[in-house]
Amino acid sequence: MSDRTTPLDQPTSVSIFLKFLRSAGGKTTHPLATTILLSMISTTRGTSFMWDASQGPAGGEELSLLPRAGWKDGSTATPSAPQRPSEGQAHFTSLPRERSHTWLLWRCLPKLGSSVWNPPKYPAIKDLMRPDPQLKWTVLALVLAQLLACWLVQGLAWRWLLFWAYVFGGCVNHSLTLAIHDISHNAAFGTNCAAYNRWFAIFANLPVGLPYAASFKKYHVDHHRYLGGDGLDVDVPTRLEGWLFCTPARKLLWLALQPFFYSLRPLCVNPKAVTRMEVLNTLVQLAANAAIFALWGLKPIVYLLASSFLGLGLHPISGHFVAEHYMFLKGHETYSYYGPLNWITFNVGYHVEHHDFPSIPGCNLPLVRKIAPEYYDHLPQHHSWVKVLWDFVFEDSLGPYARVKRVCKLAEDRL
């Protein structure tokens, strides 16, 4: 481990487990053994980890250790009666670490060996960690649809251009940003073809109008690695946002301006050096915009930019921004939504499942819940993203402050 990794004291139980592995001829460097060791350590230190088989069954067994959402001990018992956060909340909720489904992982994933633990309860879950064969074709269809729309809007009046940018283009561009989210988890070509995924994300970015894909990849790994981490997870609003946008009218404005806050917040909260892929992303996007302008004029450019701004702002699909991690019920940090809008958002609504298994593409997340319903069906869930937006605006207990913040120590860069 690097010098920046949190030092962990080795408890007696870990020493016993190491001796047991050696006596059984096991390899203490095996990734699953590493997961068990860290989970045993976490039990004594209040720290929880998860297994992310990012390589998938066909790509090796490289593992990543990430914080997890859900129950600490895998219990399926119904929690105590949920409560709303305190009204007029004027600060973030502080929690030490995210609670974990570690036990669920041990039971679901293939065993290290019959001499070490019992057979897995749901071995089929690991088989879901594979690329989505339809993702690349869906993205291609969406990009071509927006190019066709660019050709069609040339003769439209401005009011109709903005109307179709909201009704049609907003849905397509928002869907493409969520495709980029899936691609950032290597869902298009698999981890063994990481470069293909990075370039395909840049291709999916073209109708968005602004370079986005490379920067999203750079910051999204921190969202999974340090969920709610103060100064690390740029998905969490700033204190200025929480203080300023605290009335219904201001919260409505904040929702409408989400694209700006999501773009600018990383530069203030956790600035990082510009990467080569970000430069290439920008150059490709500028070239595509220039080509569209040369072919069809200004209106298609305005249409694409308006589609992104309106579709990522005050739009029904944008309810997922609030639904995923805002604390609608006290003590519950991550929520799923199982409604019909998942059909056009690559199942981003299955968010608890996604944080449990980031390597499973969106198309397979419903199967996780189907395979292991006892771990998800009892959890609080949203039924309407429109209602999420309505409650967020008009409930005094909800606002930018309704997020969990925690202090996280930096992990290895190797994740």
# chains A, B, ... in the order shown; residues from 1 in each chain; ligands from 1

call {"tool": "residues_around", "arguments": {"residues": "Val221 in chain A", "least_positions_apart": "4", "cutoff": "9 Å", "atoms": "only C-alpha atoms", "output": "NGL selection string"}}
result
:A and (184-185 or 216-217 or 225-226 or 415)

call {"tool": "write_last_selection", "arguments": {"atoms": "C-alpha atoms", "output": "compact mmCIF listing (two decimals), in the first residue's frame"}}
result
# COMPACT_ATOMS: atom_id res chain seq x y z
CA SER A 184 -17.01 5.01 -17.37
CA HIS A 185 -17.47 1.64 -15.64
CA PHE A 216 -16.72 12.72 -15.61
CA LYS A 217 -14.62 9.56 -15.59
CA ARG A 225 -14.48 5.41 -3.63
CA TYR A 226 -15.37 8.20 -1.16
CA LEU A 415 -8.32 1.72 -7.71

call {"tool": "residues_around", "arguments": {"residues": "Gly155 in chain A", "least_positions_apart": "5", "cutoff": "12 Å", "atoms": "only C-alpha atoms", "output": "PyMOL selection string"}}
result
chain A and resi 149-150+160-161+296-300+303

call {"tool": "write_last_selection", "arguments": {"atoms": "N, CA and C atoms", "output": "short mmCIF file (atom, residue, chain, number, x, y, z; two decimals), in the first residue's frame"}}
result
data_model
loop_
_atom_site.label_atom_id
_atom_site.label_comp_id
_atom_site.auth_asym_id
_atom_site.auth_seq_id
_atom_site.Cartn_x
_atom_site.Cartn_y
_atom_site.Cartn_z
N ALA A 149 -31.79 15.28 -35.90
CA ALA A 149 -32.52 16.42 -35.35
C ALA A 149 -31.82 17.73 -35.70
N CYS A 150 -30.49 17.73 -35.70
CA CYS A 150 -29.75 18.94 -36.08
C CYS A 150 -30.10 19.38 -37.50
N TRP A 160 -40.01 26.91 -31.23
CA TRP A 160 -40.19 25.49 -31.47
C TRP A 160 -38.89 24.73 -31.32
N LEU A 161 -37.79 25.38 -31.65
CA LEU A 161 -36.49 24.75 -31.43
C LEU A 161 -36.28 24.46 -29.95
N TRP A 296 -24.76 23.16 -41.15
CA TRP A 296 -26.18 23.52 -40.95
C TRP A 296 -26.40 24.83 -40.23
N GLY A 297 -25.36 25.54 -39.87
CA GLY A 297 -25.54 26.85 -39.27
C GLY A 297 -25.63 26.84 -37.75
N LEU A 298 -26.13 27.94 -37.20
CA LEU A 298 -26.12 28.16 -35.75
C LEU A 298 -27.21 27.39 -35.01
N LYS A 299 -28.39 27.25 -35.61
CA LYS A 299 -29.51 26.66 -34.89
C LYS A 299 -29.23 25.24 -34.38
N PRO A 300 -28.61 24.36 -35.14
CA PRO A 300 -28.32 23.03 -34.58
C PRO A 300 -27.40 23.09 -33.36
N TYR A 303 -29.54 24.16 -30.55
CA TYR A 303 -30.41 23.02 -30.20
C TYR A 303 -29.68 22.02 -29.31
#

call {"tool": "select_by_dssp", "arguments": {"residues": "range 176-401 of chain A", "states": "strand (DSSP E or B)", "output": "MDAnalysis selection string"}}
result
chainID A and resid 229 336:337 381:382

call {"tool": "write_last_selection", "arguments": {"atoms": "N, CA and C atoms", "output": "compact mmCIF listing (two decimals), in the first residue's frame"}}
result
# COMPACT_ATOMS: atom_id res chain seq x y z
N GLY A 229 -17.57 11.94 0.68
CA GLY A 229 -16.31 12.40 1.24
C GLY A 229 -16.14 13.91 1.12
N SER A 336 -33.02 3.61 -4.41
CA SER A 336 -33.29 3.14 -5.76
C SER A 336 -34.67 3.61 -6.22
N TYR A 337 -34.84 3.62 -7.52
CA TYR A 337 -36.11 3.93 -8.18
C TYR A 337 -36.32 2.85 -9.23
N GLN A 381 -37.38 3.31 -1.09
CA GLN A 381 -37.19 3.52 -2.53
C GLN A 381 -38.11 4.64 -3.01
N HIS A 382 -37.75 5.24 -4.13
CA HIS A 382 -38.58 6.28 -4.75
C HIS A 382 -39.46 5.65 -5.82

call {"tool": "atom_distance", "arguments": {"atom1": "CA of Cys171 in chain A", "atom2": "CA of Leu128 in chain A"}}
result
27.3 Å

call {"tool": "residues_around", "arguments": {"residues": "Asn364 in chain A", "least_positions_apart": "6", "cutoff": "10 Å", "atoms": "only C-alpha atoms", "output": "VMD selection string"}}
result
chain A and resid 125 127 to 132 346 to 347 350 353 to 354

call {"tool": "closest_residue", "arguments": {"among": "A:Val234, A:Leu227, A:Leu252, A:Ile371", "to": "Lys409 in chain A", "atoms": "only C-alpha atoms"}}
result
A:Leu227

call {"tool": "closest_residue", "arguments": {"among": "A:Leu162, A:Ala256, A:Leu304, A:Val279", "to": "Val208 in chain A", "atoms": "only C-alpha atoms"}}
result
A:Leu304

call {"tool": "atom_distance", "arguments": {"atom1": "CA of Ser308 in chain A", "atom2": "CA of Leu210 in chain A"}}
result
8.8 Å

call {"tool": "closest_residue", "arguments": {"among": "A:Trp385, A:Phe189, A:Tyr122, A:Phe260", "to": "Ile317 in chain A", "atoms": "only C-alpha atoms"}}
result
A:Trp385

call {"tool": "select_by_dssp", "arguments": {"residues": "range 190-356 of chain A", "states": "alpha helix (DSSP H)", "output": "CSV table (one decimal) with N, CA, C and O atoms, in the first residue's frame"}}
result
chain,number,residue,atom,x,y,z
A,194,ALA,N,-10.0,-0.9,-22.0
A,194,ALA,CA,-10.3,0.4,-21.3
A,194,ALA,C,-10.2,1.6,-22.3
A,194,ALA,O,-11.0,2.5,-22.3
A,195,ALA,N,-9.2,1.6,-23.2
A,195,ALA,CA,-9.0,2.7,-24.1
A,195,ALA,C,-10.2,2.8,-25.1
A,195,ALA,O,-10.6,3.9,-25.4
A,196,TYR,N,-10.8,1.7,-25.5
A,196,TYR,CA,-12.0,1.7,-26.3
A,196,TYR,C,-13.1,2.4,-25.6
A,196,TYR,O,-13.9,3.2,-26.2
A,197,ASN,N,-13.3,2.1,-24.3
A,197,ASN,CA,-14.3,2.7,-23.6
A,197,ASN,C,-14.1,4.2,-23.5
A,197,ASN,O,-15.1,5.0,-23.6
A,198,ARG,N,-12.9,4.7,-23.2
A,198,ARG,CA,-12.6,6.1,-23.1
A,198,ARG,C,-13.0,6.8,-24.4
A,198,ARG,O,-13.6,7.9,-24.4
A,199,TRP,N,-12.6,6.3,-25.6
A,199,TRP,CA,-12.9,6.9,-26.8
A,199,TRP,C,-14.4,6.8,-27.2
A,199,TRP,O,-14.9,7.8,-27.8
A,200,PHE,N,-15.0,5.7,-26.8
A,200,PHE,CA,-16.4,5.6,-27.1
A,200,PHE,C,-17.2,6.6,-26.3
A,200,PHE,O,-18.2,7.1,-26.7
A,201,ALA,N,-16.8,6.9,-25.1
A,201,ALA,CA,-17.4,7.9,-24.2
A,201,ALA,C,-17.3,9.2,-24.9
A,201,ALA,O,-18.3,10.0,-24.9
A,202,ILE,N,-16.2,9.5,-25.5
A,202,ILE,CA,-16.0,10.8,-26.2
A,202,ILE,C,-17.0,10.9,-27.4
A,202,ILE,O,-17.5,11.9,-27.7
A,203,PHE,N,-17.2,9.7,-28.1
A,203,PHE,CA,-18.1,9.7,-29.2
A,203,PHE,C,-19.5,9.9,-28.7
A,203,PHE,O,-20.3,10.7,-29.3
A,204,ALA,N,-19.9,9.3,-27.6
A,204,ALA,CA,-21.3,9.5,-27.0
A,204,ALA,C,-21.4,11.0,-26.5
A,204,ALA,O,-22.6,11.5,-26.4
A,205,ASN,N,-20.3,11.7,-26.3
A,205,ASN,CA,-20.4,13.0,-25.8
A,205,ASN,C,-20.7,14.0,-26.9
A,205,ASN,O,-21.2,15.2,-26.6
A,213,ALA,N,-17.1,13.9,-21.0
A,213,ALA,CA,-16.9,12.5,-20.7
A,213,ALA,C,-15.7,12.2,-20.0
A,213,ALA,O,-15.7,11.5,-19.0
A,214,ALA,N,-14.5,12.8,-20.4
A,214,ALA,CA,-13.2,12.5,-19.8
A,214,ALA,C,-13.2,13.0,-18.4
A,214,ALA,O,-12.7,12.3,-17.4
A,215,SER,N,-13.7,14.2,-18.1
A,215,SER,CA,-13.8,14.8,-16.8
A,215,SER,C,-14.7,14.0,-15.9
A,215,SER,O,-14.4,13.8,-14.7
A,216,PHE,N,-15.8,13.5,-16.4
A,216,PHE,CA,-16.7,12.7,-15.6
A,216,PHE,C,-16.0,11.5,-15.1
A,216,PHE,O,-16.1,11.1,-13.9
A,217,LYS,N,-15.3,10.8,-16.0
A,217,LYS,CA,-14.6,9.6,-15.6
A,217,LYS,C,-13.6,9.8,-14.5
A,217,LYS,O,-13.5,9.1,-13.5
A,218,LYS,N,-12.9,11.0,-14.6
A,218,LYS,CA,-11.9,11.3,-13.6
A,218,LYS,C,-12.5,11.5,-12.2
A,218,LYS,O,-11.9,11.1,-11.2
A,219,TYR,N,-13.6,12.1,-12.1
A,219,TYR,CA,-14.2,12.4,-10.8
A,219,TYR,C,-15.2,11.3,-10.3
A,219,TYR,O,-15.4,11.2,-9.1
A,220,HIS,N,-15.8,10.6,-11.2
A,220,HIS,CA,-16.8,9.6,-10.8
A,220,HIS,C,-16.2,8.5,-10.0
A,220,HIS,O,-16.9,7.9,-9.1
A,221,VAL,N,-14.9,8.1,-10.2
A,221,VAL,CA,-14.3,7.1,-9.4
A,221,VAL,C,-14.2,7.5,-8.0
A,221,VAL,O,-14.4,6.7,-7.1
A,222,ASP,N,-14.1,8.8,-7.7
A,222,ASP,CA,-14.0,9.3,-6.3
A,222,ASP,C,-15.4,9.2,-5.7
A,222,ASP,O,-15.5,9.1,-4.5
A,223,HIS,N,-16.5,9.4,-6.5
A,223,HIS,CA,-17.8,9.2,-6.0
A,223,HIS,C,-18.1,7.8,-5.4
A,223,HIS,O,-18.7,7.7,-4.3
A,224,HIS,N,-17.6,6.8,-6.1
A,224,HIS,CA,-17.7,5.5,-5.6
A,224,HIS,C,-16.7,5.2,-4.5
A,224,HIS,O,-17.0,4.5,-3.5
A,225,ARG,N,-15.5,5.7,-4.6
A,225,ARG,CA,-14.5,5.4,-3.6
A,225,ARG,C,-14.7,6.1,-2.3
A,225,ARG,O,-14.5,5.6,-1.2
A,239,ARG,N,-21.1,24.2,0.8
A,239,ARG,CA,-21.8,24.8,1.9
A,239,ARG,C,-22.5,26.1,1.4
A,239,ARG,O,-23.6,26.5,1.9
A,240,LEU,N,-21.9,26.8,0.5
A,240,LEU,CA,-22.5,28.0,-0.1
A,240,LEU,C,-23.8,27.6,-0.8
A,240,LEU,O,-24.8,28.4,-0.6
A,241,GLU,N,-23.9,26.5,-1.5
A,241,GLU,CA,-25.1,26.1,-2.1
A,241,GLU,C,-26.2,25.8,-1.1
A,241,GLU,O,-27.3,26.2,-1.2
A,242,GLY,N,-25.8,25.1,0.0
A,242,GLY,CA,-26.7,24.8,1.1
A,242,GLY,C,-27.3,26.0,1.8
A,242,GLY,O,-28.4,26.1,2.1
A,243,TRP,N,-26.4,27.0,2.0
A,243,TRP,CA,-26.8,28.2,2.7
A,243,TRP,C,-27.7,29.1,1.8
A,243,TRP,O,-28.7,29.7,2.2
A,244,LEU,N,-27.4,29.2,0.5
A,244,LEU,CA,-28.1,30.1,-0.4
A,244,LEU,C,-29.4,29.6,-0.9
A,244,LEU,O,-30.4,30.3,-0.9
A,248,PRO,N,-38.2,27.6,-1.3
A,248,PRO,CA,-38.7,26.9,-2.5
A,248,PRO,C,-38.3,27.5,-3.8
A,248,PRO,O,-37.9,26.9,-4.8
A,249,ALA,N,-38.3,28.9,-3.9
A,249,ALA,CA,-38.0,29.5,-5.2
A,249,ALA,C,-36.5,29.4,-5.5
A,249,ALA,O,-36.1,29.1,-6.6
A,250,ARG,N,-35.7,29.5,-4.5
A,250,ARG,CA,-34.2,29.3,-4.7
A,250,ARG,C,-33.9,27.9,-5.0
A,250,ARG,O,-33.0,27.6,-5.8
A,251,LYS,N,-34.5,26.9,-4.4
A,251,LYS,CA,-34.3,25.5,-4.7
A,251,LYS,C,-34.7,25.2,-6.1
A,251,LYS,O,-34.0,24.4,-6.8
A,252,LEU,N,-35.8,25.8,-6.6
A,252,LEU,CA,-36.2,25.6,-7.9
A,252,LEU,C,-35.2,26.1,-8.9
A,252,LEU,O,-34.9,25.5,-9.9
A,253,LEU,N,-34.6,27.3,-8.6
A,253,LEU,CA,-33.5,27.9,-9.4
A,253,LEU,C,-32.3,27.0,-9.4
A,253,LEU,O,-31.7,26.7,-10.4
A,254,TRP,N,-32.0,26.4,-8.2
A,254,TRP,CA,-30.8,25.5,-8.1
A,254,TRP,C,-31.0,24.3,-9.0
A,254,TRP,O,-30.1,23.9,-9.6
A,255,LEU,N,-32.2,23.7,-9.0
A,255,LEU,CA,-32.5,22.6,-9.9
A,255,LEU,C,-32.3,22.9,-11.3
A,255,LEU,O,-31.8,22.2,-12.1
A,256,ALA,N,-32.8,24.1,-11.7
A,256,ALA,CA,-32.7,24.5,-13.1
A,256,ALA,C,-31.3,24.8,-13.5
A,256,ALA,O,-30.9,24.6,-14.7
A,258,GLN,N,-28.6,23.1,-12.4
A,258,GLN,CA,-27.8,21.9,-12.1
A,258,GLN,C,-26.6,21.7,-13.1
A,258,GLN,O,-25.5,21.4,-12.6
A,259,PRO,N,-26.8,21.9,-14.4
A,259,PRO,CA,-25.7,21.7,-15.3
A,259,PRO,C,-24.5,22.6,-14.9
A,259,PRO,O,-23.3,22.1,-15.0
A,260,PHE,N,-24.7,23.8,-14.5
A,260,PHE,CA,-23.6,24.7,-14.1
A,260,PHE,C,-23.0,24.3,-12.9
A,260,PHE,O,-21.7,24.3,-12.8
A,261,PHE,N,-23.8,23.9,-11.9
A,261,PHE,CA,-23.2,23.5,-10.6
A,261,PHE,C,-22.4,22.2,-10.7
A,261,PHE,O,-21.3,22.1,-10.1
A,262,TYR,N,-22.9,21.2,-11.5
A,262,TYR,CA,-22.1,20.0,-11.7
A,262,TYR,C,-20.8,20.2,-12.5
A,262,TYR,O,-19.8,19.5,-12.3
A,263,SER,N,-20.8,21.3,-13.3
A,263,SER,CA,-19.6,21.5,-14.1
A,263,SER,C,-18.6,22.3,-13.3
A,263,SER,O,-17.4,22.1,-13.5
A,264,LEU,N,-19.0,23.3,-12.5
A,264,LEU,CA,-18.1,24.2,-11.8
A,264,LEU,C,-17.7,23.7,-10.4
A,264,LEU,O,-16.6,24.0,-10.0
A,265,ARG,N,-18.5,22.9,-9.8
A,265,ARG,CA,-18.2,22.4,-8.4
A,265,ARG,C,-16.9,21.7,-8.3
A,265,ARG,O,-16.2,21.9,-7.4
A,266,PRO,N,-16.6,20.8,-9.3
A,266,PRO,CA,-15.3,20.1,-9.1
A,266,PRO,C,-14.1,21.0,-9.1
A,266,PRO,O,-13.1,20.8,-8.4
A,267,LEU,N,-14.2,22.2,-9.8
A,267,LEU,CA,-13.1,23.1,-9.9
A,267,LEU,C,-12.9,23.8,-8.6
A,267,LEU,O,-11.8,24.3,-8.2
A,268,CYS,N,-13.9,23.9,-7.8
A,268,CYS,CA,-13.9,24.5,-6.5
A,268,CYS,C,-13.6,23.5,-5.3
A,268,CYS,O,-12.8,23.8,-4.4
A,269,VAL,N,-14.2,22.4,-5.4
A,269,VAL,CA,-14.2,21.4,-4.3
A,269,VAL,C,-12.9,20.5,-4.4
A,269,VAL,O,-12.2,20.3,-3.4
A,276,ARG,N,-4.6,14.2,-20.4
A,276,ARG,CA,-4.5,14.1,-21.9
A,276,ARG,C,-5.9,13.8,-22.5
A,276,ARG,O,-6.2,14.4,-23.5
A,277,MET,N,-6.6,12.9,-21.9
A,277,MET,CA,-7.9,12.5,-22.5
A,277,MET,C,-8.9,13.7,-22.4
A,277,MET,O,-9.7,13.9,-23.3
A,278,GLU,N,-8.8,14.6,-21.4
A,278,GLU,CA,-9.7,15.8,-21.4
A,278,GLU,C,-9.3,16.7,-22.5
A,278,GLU,O,-10.2,17.3,-23.1
A,279,VAL,N,-8.0,16.9,-22.8
A,279,VAL,CA,-7.6,17.7,-23.9
A,279,VAL,C,-8.2,17.1,-25.2
A,279,VAL,O,-8.7,17.9,-26.1
A,280,LEU,N,-8.0,15.8,-25.4
A,280,LEU,CA,-8.5,15.2,-26.6
A,280,LEU,C,-10.0,15.3,-26.7
A,280,LEU,O,-10.6,15.5,-27.8
A,281,ASN,N,-10.7,15.1,-25.6
A,281,ASN,CA,-12.1,15.2,-25.5
A,281,ASN,C,-12.6,16.6,-26.0
A,281,ASN,O,-13.5,16.8,-26.8
A,282,THR,N,-11.9,17.7,-25.6
A,282,THR,CA,-12.2,19.0,-25.9
A,282,THR,C,-11.9,19.3,-27.4
A,282,THR,O,-12.8,19.9,-28.1
A,283,LEU,N,-10.8,18.8,-27.9
A,283,LEU,CA,-10.5,19.0,-29.3
A,283,LEU,C,-11.5,18.3,-30.3
A,283,LEU,O,-12.0,18.9,-31.3
A,284,VAL,N,-11.9,17.1,-29.9
A,284,VAL,CA,-12.8,16.3,-30.7
A,284,VAL,C,-14.2,17.0,-30.7
A,284,VAL,O,-14.9,17.2,-31.7
A,285,GLN,N,-14.6,17.5,-29.5
A,285,GLN,CA,-15.9,18.2,-29.4
A,285,GLN,C,-15.9,19.5,-30.2
A,285,GLN,O,-16.9,19.8,-30.9
A,286,LEU,N,-14.9,20.3,-30.1
A,286,LEU,CA,-14.8,21.5,-30.9
A,286,LEU,C,-14.8,21.2,-32.4
A,286,LEU,O,-15.5,22.0,-33.1
A,287,ALA,N,-14.1,20.2,-32.8
A,287,ALA,CA,-14.1,19.8,-34.2
A,287,ALA,C,-15.5,19.4,-34.7
A,287,ALA,O,-16.0,19.8,-35.8
A,288,ALA,N,-16.2,18.6,-33.8
A,288,ALA,CA,-17.6,18.2,-34.2
A,288,ALA,C,-18.6,19.4,-34.2
A,288,ALA,O,-19.4,19.6,-35.2
A,289,ASN,N,-18.4,20.3,-33.3
A,289,ASN,CA,-19.3,21.5,-33.3
A,289,ASN,C,-19.0,22.4,-34.5
A,289,ASN,O,-19.9,22.9,-35.1
A,290,ALA,N,-17.7,22.5,-34.9
A,290,ALA,CA,-17.4,23.3,-36.0
A,290,ALA,C,-17.9,22.7,-37.3
A,290,ALA,O,-18.4,23.4,-38.2
A,291,ALA,N,-17.9,21.4,-37.4
A,291,ALA,CA,-18.5,20.7,-38.6
A,291,ALA,C,-20.0,20.9,-38.7
A,291,ALA,O,-20.5,21.2,-39.8
A,292,ILE,N,-20.7,20.8,-37.6
A,292,ILE,CA,-22.1,21.0,-37.6
A,292,ILE,C,-22.5,22.4,-37.9
A,292,ILE,O,-23.4,22.6,-38.7
A,293,PHE,N,-21.7,23.4,-37.4
A,293,PHE,CA,-22.0,24.8,-37.7
A,293,PHE,C,-21.7,25.0,-39.2
A,293,PHE,O,-22.5,25.7,-39.9
A,294,ALA,N,-20.7,24.5,-39.8
A,294,ALA,CA,-20.3,24.7,-41.2
A,294,ALA,C,-21.4,24.0,-42.1
A,294,ALA,O,-21.7,24.6,-43.1
A,295,LEU,N,-22.0,22.9,-41.7
A,295,LEU,CA,-22.9,22.2,-42.5
A,295,LEU,C,-24.3,22.8,-42.4
A,295,LEU,O,-25.0,23.0,-43.4
A,296,TRP,N,-24.8,23.2,-41.1
A,296,TRP,CA,-26.2,23.5,-40.9
A,296,TRP,C,-26.4,24.8,-40.2
A,296,TRP,O,-27.5,25.2,-40.0
A,298,LEU,N,-26.1,27.9,-37.2
A,298,LEU,CA,-26.1,28.2,-35.8
A,298,LEU,C,-27.2,27.4,-35.0
A,298,LEU,O,-27.0,26.9,-33.9
A,299,LYS,N,-28.4,27.3,-35.6
A,299,LYS,CA,-29.5,26.7,-34.9
A,299,LYS,C,-29.2,25.2,-34.4
A,299,LYS,O,-29.6,24.9,-33.2
A,300,PRO,N,-28.6,24.4,-35.1
A,300,PRO,CA,-28.3,23.0,-34.6
A,300,PRO,C,-27.4,23.1,-33.4
A,300,PRO,O,-27.6,22.3,-32.4
A,301,ILE,N,-26.4,24.0,-33.3
A,301,ILE,CA,-25.6,24.2,-32.2
A,301,ILE,C,-26.4,24.6,-31.0
A,301,ILE,O,-26.2,24.1,-29.8
A,302,VAL,N,-27.2,25.6,-31.2
A,302,VAL,CA,-28.1,26.1,-30.1
A,302,VAL,C,-29.0,24.9,-29.6
A,302,VAL,O,-29.3,24.7,-28.4
A,303,TYR,N,-29.5,24.2,-30.6
A,303,TYR,CA,-30.4,23.0,-30.2
A,303,TYR,C,-29.7,22.0,-29.3
A,303,TYR,O,-30.2,21.6,-28.3
A,304,LEU,N,-28.4,21.7,-29.6
A,304,LEU,CA,-27.7,20.7,-28.9
A,304,LEU,C,-27.4,21.2,-27.5
A,304,LEU,O,-27.6,20.5,-26.5
A,305,LEU,N,-26.9,22.5,-27.4
A,305,LEU,CA,-26.6,23.0,-26.1
A,305,LEU,C,-27.9,23.2,-25.2
A,305,LEU,O,-27.9,22.9,-24.0
A,306,ALA,N,-29.0,23.6,-25.9
A,306,ALA,CA,-30.2,23.8,-25.1
A,306,ALA,C,-30.7,22.4,-24.7
A,306,ALA,O,-31.3,22.3,-23.6
A,307,SER,N,-30.6,21.4,-25.5
A,307,SER,CA,-31.0,20.0,-25.1
A,307,SER,C,-30.2,19.6,-23.8
A,307,SER,O,-30.8,19.0,-22.9
A,308,SER,N,-28.9,19.9,-23.8
A,308,SER,CA,-28.2,19.5,-22.6
A,308,SER,C,-28.6,20.3,-21.4
A,308,SER,O,-28.8,19.8,-20.3
A,309,PHE,N,-28.7,21.6,-21.5
A,309,PHE,CA,-29.0,22.5,-20.4
A,309,PHE,C,-30.4,22.2,-19.9
A,309,PHE,O,-30.6,22.1,-18.7
A,310,LEU,N,-31.4,22.1,-20.8
A,310,LEU,CA,-32.7,21.9,-20.3
A,310,LEU,C,-32.9,20.4,-19.8
A,310,LEU,O,-33.6,20.2,-18.9
A,311,GLY,N,-32.3,19.5,-20.5
A,311,GLY,CA,-32.5,18.1,-20.1
A,311,GLY,C,-31.8,17.7,-18.8
A,311,GLY,O,-32.3,16.8,-18.1
A,319,GLY,N,-34.7,14.2,-12.0
A,319,GLY,CA,-35.0,13.8,-10.6
A,319,GLY,C,-34.1,12.8,-10.0
A,319,GLY,O,-33.9,12.7,-8.8
A,320,HIS,N,-33.4,12.1,-10.9
A,320,HIS,CA,-32.4,11.1,-10.4
A,320,HIS,C,-31.3,11.7,-9.7
A,320,HIS,O,-30.7,11.1,-8.8
A,321,PHE,N,-30.9,12.9,-10.0
A,321,PHE,CA,-29.8,13.6,-9.3
A,321,PHE,C,-30.1,13.7,-7.9
A,321,PHE,O,-29.2,13.6,-7.0
A,322,VAL,N,-31.4,14.1,-7.5
A,322,VAL,CA,-31.8,14.3,-6.2
A,322,VAL,C,-32.1,12.9,-5.5
A,322,VAL,O,-31.9,12.7,-4.3
A,323,ALA,N,-32.7,12.0,-6.3
A,323,ALA,CA,-33.3,10.8,-5.7
A,323,ALA,C,-32.2,9.9,-5.2
A,323,ALA,O,-32.4,9.1,-4.3
A,351,HIS,N,-30.0,2.3,-8.0
A,351,HIS,CA,-28.8,2.9,-7.5
A,351,HIS,C,-28.1,2.2,-6.3
A,351,HIS,O,-26.9,2.2,-6.2
A,352,VAL,N,-28.9,1.7,-5.5
A,352,VAL,CA,-28.3,0.9,-4.4
A,352,VAL,C,-27.6,-0.3,-5.0
A,352,VAL,O,-26.5,-0.7,-4.6
A,353,GLU,N,-28.2,-1.0,-5.9
A,353,GLU,CA,-27.6,-2.1,-6.6
A,353,GLU,C,-26.3,-1.7,-7.3
A,353,GLU,O,-25.3,-2.4,-7.3
A,354,HIS,N,-26.4,-0.5,-7.9
A,354,HIS,CA,-25.2,0.0,-8.7
A,354,HIS,C,-24.0,0.2,-7.7
A,354,HIS,O,-22.9,-0.1,-8.0
A,355,HIS,N,-24.3,0.8,-6.6
A,355,HIS,CA,-23.2,1.1,-5.6
A,355,HIS,C,-22.7,-0.2,-5.0
A,355,HIS,O,-21.6,-0.3,-4.6
A,356,ASP,N,-23.6,-1.2,-4.9
A,356,ASP,CA,-23.2,-2.5,-4.4
A,356,ASP,C,-22.2,-3.2,-5.4
A,356,ASP,O,-21.2,-3.9,-5.0

call {"tool": "atom_distance", "arguments": {"atom1": "CA of Ala372 in chain A", "atom2": "CA of Val404 in chain A"}}
result
26.7 Å
